[in-house]
Every structure is written in structure tokens, then in C-alpha cells.
$ cat model.cif   # mmCIF, C-alpha atoms
data_model
loop_
_atom_site.label_atom_id
_atom_site.label_comp_id
_atom_site.auth_asym_id
_atom_site.auth_seq_id
_atom_site.Cartn_x
_atom_site.Cartn_y
_atom_site.Cartn_z
CA MET N 158 76.60 124.05 -17.36
CA HIS N 159 73.23 123.50 -15.70
CA ALA N 160 70.61 126.21 -16.12
CA ILE N 161 68.85 124.81 -13.03
CA GLU N 162 70.27 122.49 -10.41
CA THR N 163 68.54 121.50 -7.18
CA ARG N 164 70.04 119.45 -4.36
CA ALA N 165 67.69 117.93 -1.78
CA LEU N 166 65.28 120.81 -2.45
CA THR N 167 62.37 120.66 -0.01
CA LYS N 168 59.23 122.70 0.61
CA VAL N 169 56.99 122.01 3.59
CA TYR N 170 53.54 123.53 4.13
CA GLY N 171 52.34 122.68 7.63
CA HIS N 172 52.94 118.94 7.97
CA LYS N 173 52.95 118.24 4.22
CA ARG N 174 56.20 117.91 2.25
CA VAL N 175 55.04 119.27 -1.11
CA VAL N 176 58.57 119.00 -2.53
CA ASP N 177 60.70 116.31 -0.92
CA ASP N 178 64.52 116.15 -1.28
CA LEU N 179 64.31 116.92 -5.00
CA ASP N 180 67.43 116.54 -7.13
CA LEU N 181 66.83 118.05 -10.56
CA THR N 182 69.06 119.28 -13.38
CA VAL N 183 68.11 121.29 -16.45
CA ASN N 184 70.99 121.73 -18.88
CA VAL N 185 71.60 124.95 -20.79
CA GLY N 186 69.81 124.62 -24.13
CA ASP N 187 67.28 122.02 -22.93
CA ILE N 188 63.59 121.96 -23.58
CA TYR N 189 62.89 120.15 -20.31
CA GLY N 190 59.53 118.43 -19.99
CA PHE N 191 58.53 118.42 -16.32
CA VAL N 192 55.89 115.71 -15.93
CA GLY N 193 53.72 114.73 -12.98
CA LYS N 194 50.15 114.43 -11.76
CA ASN N 195 48.18 117.35 -10.32
CA GLY N 196 49.54 118.02 -6.84
CA ALA N 197 52.87 116.31 -7.55
CA GLY N 198 54.76 119.53 -6.75
CA LYS N 199 55.60 120.80 -10.26
CA SER N 200 54.27 124.34 -9.83
CA THR N 201 55.88 124.68 -6.39
CA VAL N 202 59.27 123.71 -7.84
CA MET N 203 58.90 126.27 -10.62
CA LYS N 204 57.84 128.95 -8.13
CA MET N 205 60.96 128.26 -6.06
CA VAL N 206 63.11 128.54 -9.20
CA ASP N 207 61.38 131.87 -9.93
CA SER N 208 61.87 133.07 -6.30
CA LEU N 209 58.11 133.28 -5.75
CA VAL N 210 58.29 130.63 -2.99
CA THR N 211 61.06 130.22 -0.42
CA PRO N 212 62.49 126.69 -0.05
CA THR N 213 62.29 125.08 3.38
CA SER N 214 65.66 123.44 2.88
CA GLY N 215 68.07 122.25 0.22
CA GLN N 216 69.98 124.13 -2.44
CA LEU N 217 68.89 125.72 -5.71
CA LEU N 218 71.37 127.04 -8.27
CA LEU N 219 70.64 129.00 -11.44
CA PHE N 220 73.43 128.91 -14.03
CA GLY N 221 75.79 127.85 -11.27
CA SER N 222 74.84 130.67 -8.86
CA PRO N 223 73.00 129.79 -5.63
CA LEU N 224 69.95 131.64 -4.42
CA ASP N 225 70.45 133.45 -1.14
CA ALA N 226 69.39 132.02 2.23
CA SER N 227 65.95 133.67 2.11
CA GLY N 228 65.14 132.05 -1.20
CA GLY N 229 65.49 135.31 -3.11
CA THR N 230 67.93 135.76 -5.95
CA GLU N 231 71.26 137.37 -5.44
CA ALA N 232 70.21 139.82 -8.09
CA THR N 233 71.08 143.29 -9.27
CA SER N 234 69.81 145.28 -12.24
CA ASP N 235 71.79 145.71 -15.43
CA GLN N 236 71.81 148.88 -17.54
CA ASN N 237 68.49 147.88 -19.14
CA GLY N 238 66.82 147.25 -15.81
CA ARG N 239 66.79 143.49 -16.25
CA GLN N 240 66.96 141.31 -13.19
CA ALA N 241 70.42 139.77 -13.39
CA PHE N 242 71.99 136.82 -11.64
CA SER N 243 75.71 136.33 -11.47
CA GLY N 244 76.87 136.31 -15.08
CA SER N 245 73.85 138.41 -16.17
CA ARG N 246 71.61 135.33 -16.34
CA ARG N 247 67.89 136.05 -16.39
CA VAL N 248 64.66 134.13 -15.83
CA GLY N 249 61.23 134.73 -17.34
CA SER N 250 58.12 132.83 -16.33
CA LEU N 251 54.51 132.10 -17.10
CA ILE N 252 53.22 130.27 -14.03
CA GLU N 253 49.52 129.48 -13.47
CA SER N 254 48.11 132.52 -15.35
CA PRO N 255 49.48 135.30 -17.59
CA GLY N 256 48.69 138.09 -15.08
CA LEU N 257 47.40 140.51 -17.72
CA VAL N 258 45.48 143.74 -17.13
CA PRO N 259 42.19 143.08 -19.01
CA GLY N 260 41.48 146.72 -19.82
CA LEU N 261 44.89 147.33 -21.42
CA SER N 262 45.90 146.49 -24.97
CA ALA N 263 48.58 143.93 -25.71
CA PHE N 264 51.08 146.70 -26.34
CA ASP N 265 50.18 148.59 -23.15
CA ASN N 266 50.44 145.41 -21.04
CA LEU N 267 53.95 144.92 -22.37
CA MET N 268 54.82 148.57 -21.87
CA ALA N 269 53.71 148.44 -18.23
CA LYS N 270 56.07 145.52 -17.63
CA ALA N 271 58.90 147.15 -19.60
CA ARG N 272 58.61 150.39 -17.64
CA ALA N 273 58.54 148.49 -14.35
CA LEU N 274 61.84 146.90 -15.37
CA GLY N 275 63.23 150.22 -16.55
CA ILE N 276 64.03 148.90 -20.01
CA VAL N 277 65.65 151.41 -22.36
CA ASP N 278 63.77 151.96 -25.66
CA ALA N 279 60.75 150.14 -24.27
CA LYS N 280 58.48 150.88 -27.26
CA SER N 281 60.87 149.24 -29.68
CA ARG N 282 61.31 146.23 -27.40
CA CYS N 283 57.53 145.79 -26.96
CA SER N 284 56.95 145.95 -30.72
CA GLU N 285 59.68 143.34 -31.18
CA ILE N 286 58.04 141.05 -28.62
CA LEU N 287 54.62 141.38 -30.27
CA ARG N 288 56.13 140.27 -33.58
CA LEU N 289 57.94 137.40 -31.90
CA VAL N 290 54.78 135.99 -30.27
CA GLY N 291 52.62 136.65 -33.34
CA LEU N 292 50.42 139.41 -31.89
CA GLU N 293 51.63 142.38 -33.96
CA HIS N 294 48.19 142.71 -35.59
CA ALA N 295 46.41 142.71 -32.21
CA ASP N 296 48.64 145.29 -30.51
CA LYS N 297 45.74 147.71 -29.82
CA LYS N 298 43.16 145.10 -28.85
CA HIS N 299 42.26 144.88 -25.15
CA ALA N 300 43.46 141.73 -23.43
CA LYS N 301 39.94 140.96 -22.16
CA LYS N 302 38.89 140.33 -25.77
CA PHE N 303 41.70 137.86 -26.43
CA SER N 304 41.20 134.15 -26.95
CA GLN N 305 42.91 131.84 -24.46
CA GLY N 306 45.67 131.17 -26.97
CA MET N 307 46.31 134.88 -27.48
CA LYS N 308 46.41 135.41 -23.70
CA GLN N 309 48.96 132.62 -23.34
CA ARG N 310 51.13 134.09 -26.11
CA LEU N 311 50.93 137.56 -24.57
CA GLY N 312 51.84 136.00 -21.21
CA ILE N 313 54.96 134.53 -22.79
CA GLY N 314 55.66 137.94 -24.32
CA MET N 315 55.50 139.46 -20.83
CA ALA N 316 57.99 136.82 -19.65
CA LEU N 317 60.32 137.64 -22.55
CA ILE N 318 60.52 141.40 -21.94
CA GLY N 319 63.72 141.05 -19.92
CA SER N 320 65.44 138.88 -22.58
CA PRO N 321 65.66 135.81 -20.33
CA ASP N 322 68.09 132.95 -20.79
CA LEU N 323 65.67 130.62 -18.96
CA LEU N 324 61.91 130.45 -19.52
CA LEU N 325 59.58 128.66 -17.07
CA LEU N 326 56.21 127.66 -18.55
CA ASP N 327 53.59 126.07 -16.29
CA GLU N 328 50.91 124.26 -18.36
CA PRO N 329 51.19 126.59 -21.39
CA PHE N 330 48.80 124.43 -23.48
CA ASN N 331 45.86 124.65 -21.05
CA GLY N 332 42.64 125.72 -22.74
CA LEU N 333 44.15 125.93 -26.23
CA ASP N 334 42.46 124.61 -29.36
CA PRO N 335 44.56 122.62 -31.88
CA GLU N 336 45.55 125.75 -33.80
CA GLY N 337 46.56 127.56 -30.62
CA THR N 338 48.49 124.53 -29.42
CA ARG N 339 50.41 124.34 -32.69
CA ALA N 340 51.22 128.06 -32.53
CA MET N 341 52.42 127.73 -28.92
CA ARG N 342 54.62 124.76 -29.79
CA THR N 343 56.11 126.60 -32.77
CA LEU N 344 56.87 129.63 -30.60
CA ILE N 345 58.58 127.55 -27.90
CA LEU N 346 60.72 125.74 -30.47
CA ARG N 347 61.68 129.04 -32.10
CA LEU N 348 62.68 130.59 -28.78
CA ASN N 349 64.86 127.58 -28.02
CA GLN N 350 66.39 126.91 -31.43
CA SER N 351 66.73 130.44 -32.82
CA PHE N 352 67.30 132.48 -29.66
CA GLY N 353 69.00 129.90 -27.42
CA VAL N 354 66.46 130.15 -24.59
CA THR N 355 66.47 127.21 -22.18
CA VAL N 356 62.85 126.19 -21.54
CA MET N 357 61.34 124.24 -18.66
CA ILE N 358 57.74 123.18 -19.34
CA SER N 359 55.34 121.50 -16.97
CA SER N 360 52.49 119.94 -18.92
CA HIS N 361 49.97 117.10 -18.99
CA VAL N 362 49.83 117.27 -22.82
CA LEU N 363 52.37 114.51 -23.36
CA ASP N 364 52.02 114.32 -27.14
CA GLN N 365 53.07 117.97 -27.41
CA LEU N 366 56.04 117.45 -25.10
CA ASP N 367 57.03 114.48 -27.25
CA ARG N 368 57.39 116.85 -30.22
CA MET N 369 59.61 119.31 -28.37
CA ALA N 370 61.35 118.02 -25.25
CA THR N 371 65.03 117.13 -25.32
CA ARG N 372 65.01 115.89 -21.71
CA TYR N 373 62.37 114.87 -19.17
CA GLY N 374 61.93 114.83 -15.42
CA VAL N 375 59.10 112.82 -13.85
CA ILE N 376 57.97 113.82 -10.36
CA ALA N 377 55.58 112.03 -7.98
CA ASN N 378 54.63 113.12 -4.46
CA GLY N 379 57.28 115.82 -4.53
CA ARG N 380 60.14 113.42 -5.35
CA MET N 381 62.06 112.94 -8.57
CA ILE N 382 61.26 109.52 -10.00
CA ARG N 383 63.44 109.69 -13.06
CA GLN N 384 65.27 112.03 -15.43
CA MET N 385 66.09 110.94 -18.97
CA THR N 386 66.79 112.23 -22.45
CA ALA N 387 64.25 112.11 -25.28
CA GLU N 388 66.41 109.43 -26.89
CA GLU N 389 66.23 107.30 -23.75
CA VAL N 390 62.44 107.60 -23.69
CA GLN N 391 62.35 106.52 -27.33
CA GLU N 392 64.51 103.53 -26.47
CA GLU N 393 62.35 102.63 -23.46
CA CYS N 394 59.21 102.61 -25.61
CA ARG N 395 60.51 100.83 -28.70
CA GLU N 396 59.52 97.25 -29.49
CA SER N 397 61.26 94.81 -27.18
CA LEU N 398 61.29 91.29 -25.84
CA GLN N 399 60.30 90.59 -22.25
CA ILE N 400 61.99 87.43 -20.99
CA ARG N 401 61.85 85.57 -17.68
CA THR N 402 63.63 82.28 -17.01
CA SER N 403 64.53 80.13 -14.05
CA ASP N 404 68.07 81.60 -13.96
CA PRO N 405 67.96 85.29 -15.03
CA ALA N 406 71.67 86.00 -14.45
CA ARG N 407 72.79 83.03 -16.54
CA THR N 408 70.27 83.90 -19.26
CA LEU N 409 71.55 87.48 -19.43
CA ALA N 410 75.17 86.35 -19.80
CA GLN N 411 74.29 83.88 -22.55
CA LEU N 412 72.10 86.32 -24.50
CA GLU N 413 74.74 89.06 -24.31
CA GLN N 414 77.22 86.67 -25.87
CA ALA N 415 74.79 85.42 -28.53
CA PHE N 416 73.41 88.87 -29.45
CA PRO N 417 76.25 91.39 -28.87
CA ARG N 418 74.43 94.25 -30.64
CA ALA N 419 71.27 93.97 -28.56
CA ARG N 420 70.61 95.98 -25.39
CA PHE N 421 69.48 94.45 -22.13
CA ARG N 422 68.00 95.67 -18.86
CA ALA N 423 67.18 93.66 -15.77
CA GLU N 424 63.80 94.64 -14.31
CA GLN N 425 61.78 93.62 -11.27
CA ASP N 426 60.71 90.00 -10.63
CA GLY N 427 63.59 88.58 -12.66
CA ILE N 428 62.33 90.01 -15.96
CA LEU N 429 64.92 90.74 -18.64
CA ARG N 430 64.06 93.35 -21.27
CA MET N 431 65.85 93.02 -24.60
CA THR N 432 65.83 95.60 -27.40
CA GLY N 433 67.60 95.68 -30.74
CA ALA N 434 66.87 92.07 -31.59
CA ASP N 435 65.37 91.99 -35.10
CA ASP N 436 64.35 88.31 -35.02
CA ALA N 437 62.30 87.22 -32.00
CA GLN N 438 62.27 83.63 -33.22
CA ALA N 439 66.08 83.55 -33.23
CA VAL N 440 66.08 84.67 -29.60
CA ALA N 441 63.50 82.02 -28.68
CA ASN N 442 65.57 79.33 -30.41
CA ALA N 443 68.69 80.48 -28.57
CA LEU N 444 66.89 80.27 -25.23
CA HIS N 445 65.83 76.71 -25.93
CA GLY N 446 69.43 75.93 -26.89
CA PHE N 447 70.60 77.26 -23.53
CA ASP N 448 68.47 74.58 -21.87
CA GLU N 449 66.76 77.23 -19.74
CA THR N 450 63.25 76.92 -18.29
CA ILE N 451 61.36 79.76 -20.03
CA LEU N 452 58.74 81.23 -17.72
CA GLU N 453 57.81 84.22 -19.88
CA PHE N 454 58.58 85.33 -23.43
CA ASN N 455 56.62 88.27 -24.86
CA GLN N 456 57.15 90.71 -27.70
CA ILE N 457 55.91 94.09 -26.51
CA SER N 458 55.81 97.74 -27.49
CA ARG N 459 55.15 100.42 -24.90
CA ASP N 460 52.91 103.43 -25.52
CA LYS N 461 54.69 106.59 -24.39
CA GLU N 462 51.68 107.91 -22.52
CA ASP N 463 51.32 104.61 -20.66
CA TYR N 464 55.04 104.72 -19.89
CA PHE N 465 54.86 108.20 -18.32
CA VAL N 466 51.65 107.37 -16.45
CA ALA N 467 53.36 104.34 -14.90
CA LEU N 468 56.27 106.52 -13.78
CA MET N 469 53.94 109.20 -12.40
CA GLU N 470 52.13 106.54 -10.40
CA GLY N 471 55.43 105.44 -8.91
CA GLY N 472 55.71 102.45 -11.22
CA SER N 473 59.50 102.86 -11.16
CA HIS N 474 61.49 103.87 -8.10
CA HIS N 475 64.75 103.93 -10.02
CA VAL N 476 66.14 107.46 -10.00
CA GLN N 477 68.34 108.22 -12.97
CA SER N 478 69.92 111.48 -14.10
CA ALA N 479 70.65 111.91 -17.78
#
$ encode --input "model.cif" --output "C-alpha cells"
Amino acid sequence: MHAIETRALTKVYGHKRVVDDLDLTVNVGDIYGFVGKNGAGKSTVMKMVDSLVTPTSGQLLLFGSPLDASGGTEATSDQNGRQAFSGSRRVGSLIESPGLVPGLSAFDNLMAKARALGIVDAKSRCSEILRLVGLEHADKKHAKKFSQGMKQRLGIGMALIGSPDLLLLDEPFNGLDPEGTRAMRTLILRLNQSFGVTVMISSHVLDQLDRMATRYGVIANGRMIRQMTAEEVQEECRESLQIRTSDPARTLAQLEQAFPRARFRAEQDGILRMTGADDAQAVANALHGFDETILEFNQISRDKEDYFVALMEGGSHHVQSA
């Protein structure tokens, strides 16, 4: 089942299509890295998922249930006051800023949210959340005295009050020092692996996403450029051979026969990318044996950051769902 599925999702402000016919899928159990430049439309997509912004057109489904025509959720409240979709599915979010009351303590901020939701045994739930996000020793400290990392963790705690199945995090690493970043990453992994929370993260901190994400979506100018698994990204960026000959189709057929365990992909301008070949010299010798005119033969490895930057800049127009 998909936790999030969008079909031709579009948001127009004035004459600008901020989100443009977006097809996106987040599977249940994913840590989904949502990658794109500033202004690419990431936050707008997450706001539409969280019913903070109404789509102009298209369809958006959460755990298989569509949002209503106005963009709001077809929601009721369960016995604990949690916002519930069909099947009692819930969403928590930290988008743009934690939205804390500076003059209230961590505990009182959580209590205000819990009471607004009508949660039964709110004190116990708030204490549990403080332990979960690592703020149990700062429960009486006013939020205005918190470091940025503590504010971010408390913001996630606020999002977790309703026991969500899906957590939306918009740039959760912003302003964090290395220790705070590590603590945030550990918390996200724990929520996903120990509590089964599906997480969608928009972030520019690609090295942190690389340590967590199970799937990725790359967006540019409001459109989905590509979706792929972490394993596919690893494969894309591993050492490979870049080959171009006078007859690419014939070369591909001959190499597939000569190296059956290797993997091949035809790229633009007649370039053939080959991975899984342990001996580059053996490949070069085979090409000469094929009596092909070799126009290009390079052994390359691709930096992951460079790879994502190329996608974000529209370096690939191939849309792929994983």
C-alpha cells in the first residue's frame, strides 16, 4: 500500500504552476528523501499532503483514501481525539518551523497540543513523547531558551502527539550542529524502524539522507524528475564504464553476450553505461575484437551529490517510479 500517492497533482498561484502534474508515491514503511532546489515545490507538496494548501487539480490519496474536493481530509476524530483518515490513518508534520510557544515549557507546549486534540491521559502521553525525542530532562525549560536542535526535536514531538502513521519533515536538519544532526537522524531512524512510522523528508543535506533514505524522489520546477530506491542510487553511482562507438546498438548486443553478468544502460548521445565489469581491459579488448570504431571509453565513478545536483538541474528527463 502507498502511504502517499499523487496523480497529476497541480498547484497554481496566479500564473505560476508551483507544482505541475506531479506523480509521486511513498510506500508504507519508507523513509522517503524528497530532493529538490529551493523553490522546486517541495514544501507546497508537503503542505497539500498535510491539508494546509488546497490543490488546484489532480488527485492525492493517503493510505488509499482520497482527500475531499476542497483539499481537506475526509477526517473524523477517534476516541483519543486523533485526526483519523479512513482506516484510522494519521499524519503528523513539521513544516517550515516548529510553531512553539516561546514562553511555555517543553511539557506545556506538548500539553497544549494534546488538549487541543482531546487526547485521553494527556500528561502520560506528553511525558512519553519527551522521552522519545530526548527532552525528558528539559521538560520544564521554556522553549525560547532551547537550542535550534532542541526546538526541532520538540517540533517533532508536537507532530507525534497524535501517534501518526505518516510523518512529514520539511528540512529538519536546518540550523543543526553535527551533534544535533546526529541526534535528529537517530530519532528519525528509531521512529521508522522501531515504531513503523513512514517518514517523508525534504532536505538539502544529502549526506544525511544517504544514511537514512530507503527511496528518493527528485523534483525540479514542480515536476517529478525521477523516483528510485536507495539501491538504485547506489548502482547509479558505482564505478562504471562509459562507452561510445560508431554502432551503439550492435555494441550493446555484443557486450551483453560477452559479459552476461554485467548491467547496461543506453544514455543520451549514443553513450552506453556498463556496470559490474571487474576488468576494464577485458572490455576494451572485446571492443577491439568486435571491430568497432571506439569513440569514447572512460572508467568513471559518480559522486552522489553530483548525481542529485544533475537531476535537480533537469539533467535527466527520464521519469521512473521505483
$ residues_around --input "model.cif" --residues "region 410-417 of chain N" --least-positions-apart "2" --cutoff "10 Å" --atoms "all atoms listed in the file" --output "ChimeraX atom specification"
/N:405-408,419-421,431,433-434,439-440,443-444,447
$ atom_distance --input "model.cif" --atom1 "CA of Glu449 (chain N)" --atom2 "CA of Ala423 (chain N)"
16.9 Å
$ resolve_selection --input "model.cif" --expression "the PyMOL selection byres ((chain N and resi 309) around 12)" --output "PyMOL selection string"
chain N and resi 250-257+263+290-292+300+303-308+310-316+326-334+337-338+340-342+344-345
$ closest_residue --input "model.cif" --among "N:Asp177, N:Asp187, N:Asp448, N:Asp296" --to "Pro212 (chain N)" --atoms "only C-alpha atoms"
N:Asp177
$ resolve_selection --input "model.cif" --expression "the PyMOL selection byres ((chain N and resi 196-198) around 12)" --output "mmCIF file with C-alpha atoms, keeping the file's coordinate frame"
data_model
loop_
_atom_site.group_PDB
_atom_site.id
_atom_site.type_symbol
_atom_site.label_atom_id
_atom_site.label_comp_id
_atom_site.auth_asym_id
_atom_site.auth_seq_id
_atom_site.Cartn_x
_atom_site.Cartn_y
_atom_site.Cartn_z
ATOM 1 C CA LEU N 166 65.280 120.810 -2.450
ATOM 2 C CA THR N 167 62.370 120.660 -0.010
ATOM 3 C CA LYS N 168 59.230 122.700 0.610
ATOM 4 C CA VAL N 169 56.990 122.010 3.590
ATOM 5 C CA TYR N 170 53.540 123.530 4.130
ATOM 6 C CA LYS N 173 52.950 118.240 4.220
ATOM 7 C CA ARG N 174 56.200 117.910 2.250
ATOM 8 C CA VAL N 175 55.040 119.270 -1.110
ATOM 9 C CA VAL N 176 58.570 119.000 -2.530
ATOM 10 C CA ASP N 177 60.700 116.310 -0.920
ATOM 11 C CA ASP N 178 64.520 116.150 -1.280
ATOM 12 C CA LEU N 179 64.310 116.920 -5.000
ATOM 13 C CA PHE N 191 58.530 118.420 -16.320
ATOM 14 C CA VAL N 192 55.890 115.710 -15.930
ATOM 15 C CA GLY N 193 53.720 114.730 -12.980
ATOM 16 C CA LYS N 194 50.150 114.430 -11.760
ATOM 17 C CA ASN N 195 48.180 117.350 -10.320
ATOM 18 C CA LYS N 199 55.600 120.800 -10.260
ATOM 19 C CA SER N 200 54.270 124.340 -9.830
ATOM 20 C CA THR N 201 55.880 124.680 -6.390
ATOM 21 C CA VAL N 202 59.270 123.710 -7.840
ATOM 22 C CA MET N 203 58.900 126.270 -10.620
ATOM 23 C CA LYS N 204 57.840 128.950 -8.130
ATOM 24 C CA MET N 205 60.960 128.260 -6.060
ATOM 25 C CA ASP N 327 53.590 126.070 -16.290
ATOM 26 C CA SER N 359 55.340 121.500 -16.970
ATOM 27 C CA SER N 360 52.490 119.940 -18.920
ATOM 28 C CA HIS N 361 49.970 117.100 -18.990
ATOM 29 C CA VAL N 375 59.100 112.820 -13.850
ATOM 30 C CA ILE N 376 57.970 113.820 -10.360
ATOM 31 C CA ALA N 377 55.580 112.030 -7.980
ATOM 32 C CA ASN N 378 54.630 113.120 -4.460
ATOM 33 C CA GLY N 379 57.280 115.820 -4.530
ATOM 34 C CA ARG N 380 60.140 113.420 -5.350
ATOM 35 C CA MET N 381 62.060 112.940 -8.570
ATOM 36 C CA ILE N 382 61.260 109.520 -10.000
ATOM 37 C CA MET N 469 53.940 109.200 -12.400
ATOM 38 C CA GLU N 470 52.130 106.540 -10.400
ATOM 39 C CA GLY N 471 55.430 105.440 -8.910
#
$ closest_residue --input "model.cif" --among "N:Lys270, N:Gly190, N:Gly319, N:Ile457" --to "Val390 (chain N)" --atoms "all atoms listed in the file"
N:Gly190
$ atom_distance --input "model.cif" --atom1 "CA of Ser222 (chain N)" --atom2 "CA of Met385 (chain N)"
23.8 Å
$ resolve_selection --input "model.cif" --expression "the PyMOL selection byres ((chain N and resi 392) around 12)" --output "JSON, numbers by chain"
{"N": [385, 386, 387, 388, 389, 390, 391, 393, 394, 395, 396, 397, 419, 420, 421, 422, 430, 431, 432, 433, 458, 459, 460, 461, 464]}
$ atom_distance --input "model.cif" --atom1 "CA of Arg368 (chain N)" --atom2 "CA of Gly249 (chain N)"
22.4 Å
$ residues_around --input "model.cif" --residues "region 350-354 of chain N" --least-positions-apart "6" --cutoff "7 Å" --atoms "all atoms listed in the file" --output "count of residues only"
4
$ closest_residue --input "model.cif" --among "N:Ala165, N:Val277, N:Ile358, N:Leu261" --to "Gln216 (chain N)" --atoms "all atoms listed in the file"
N:Ala165
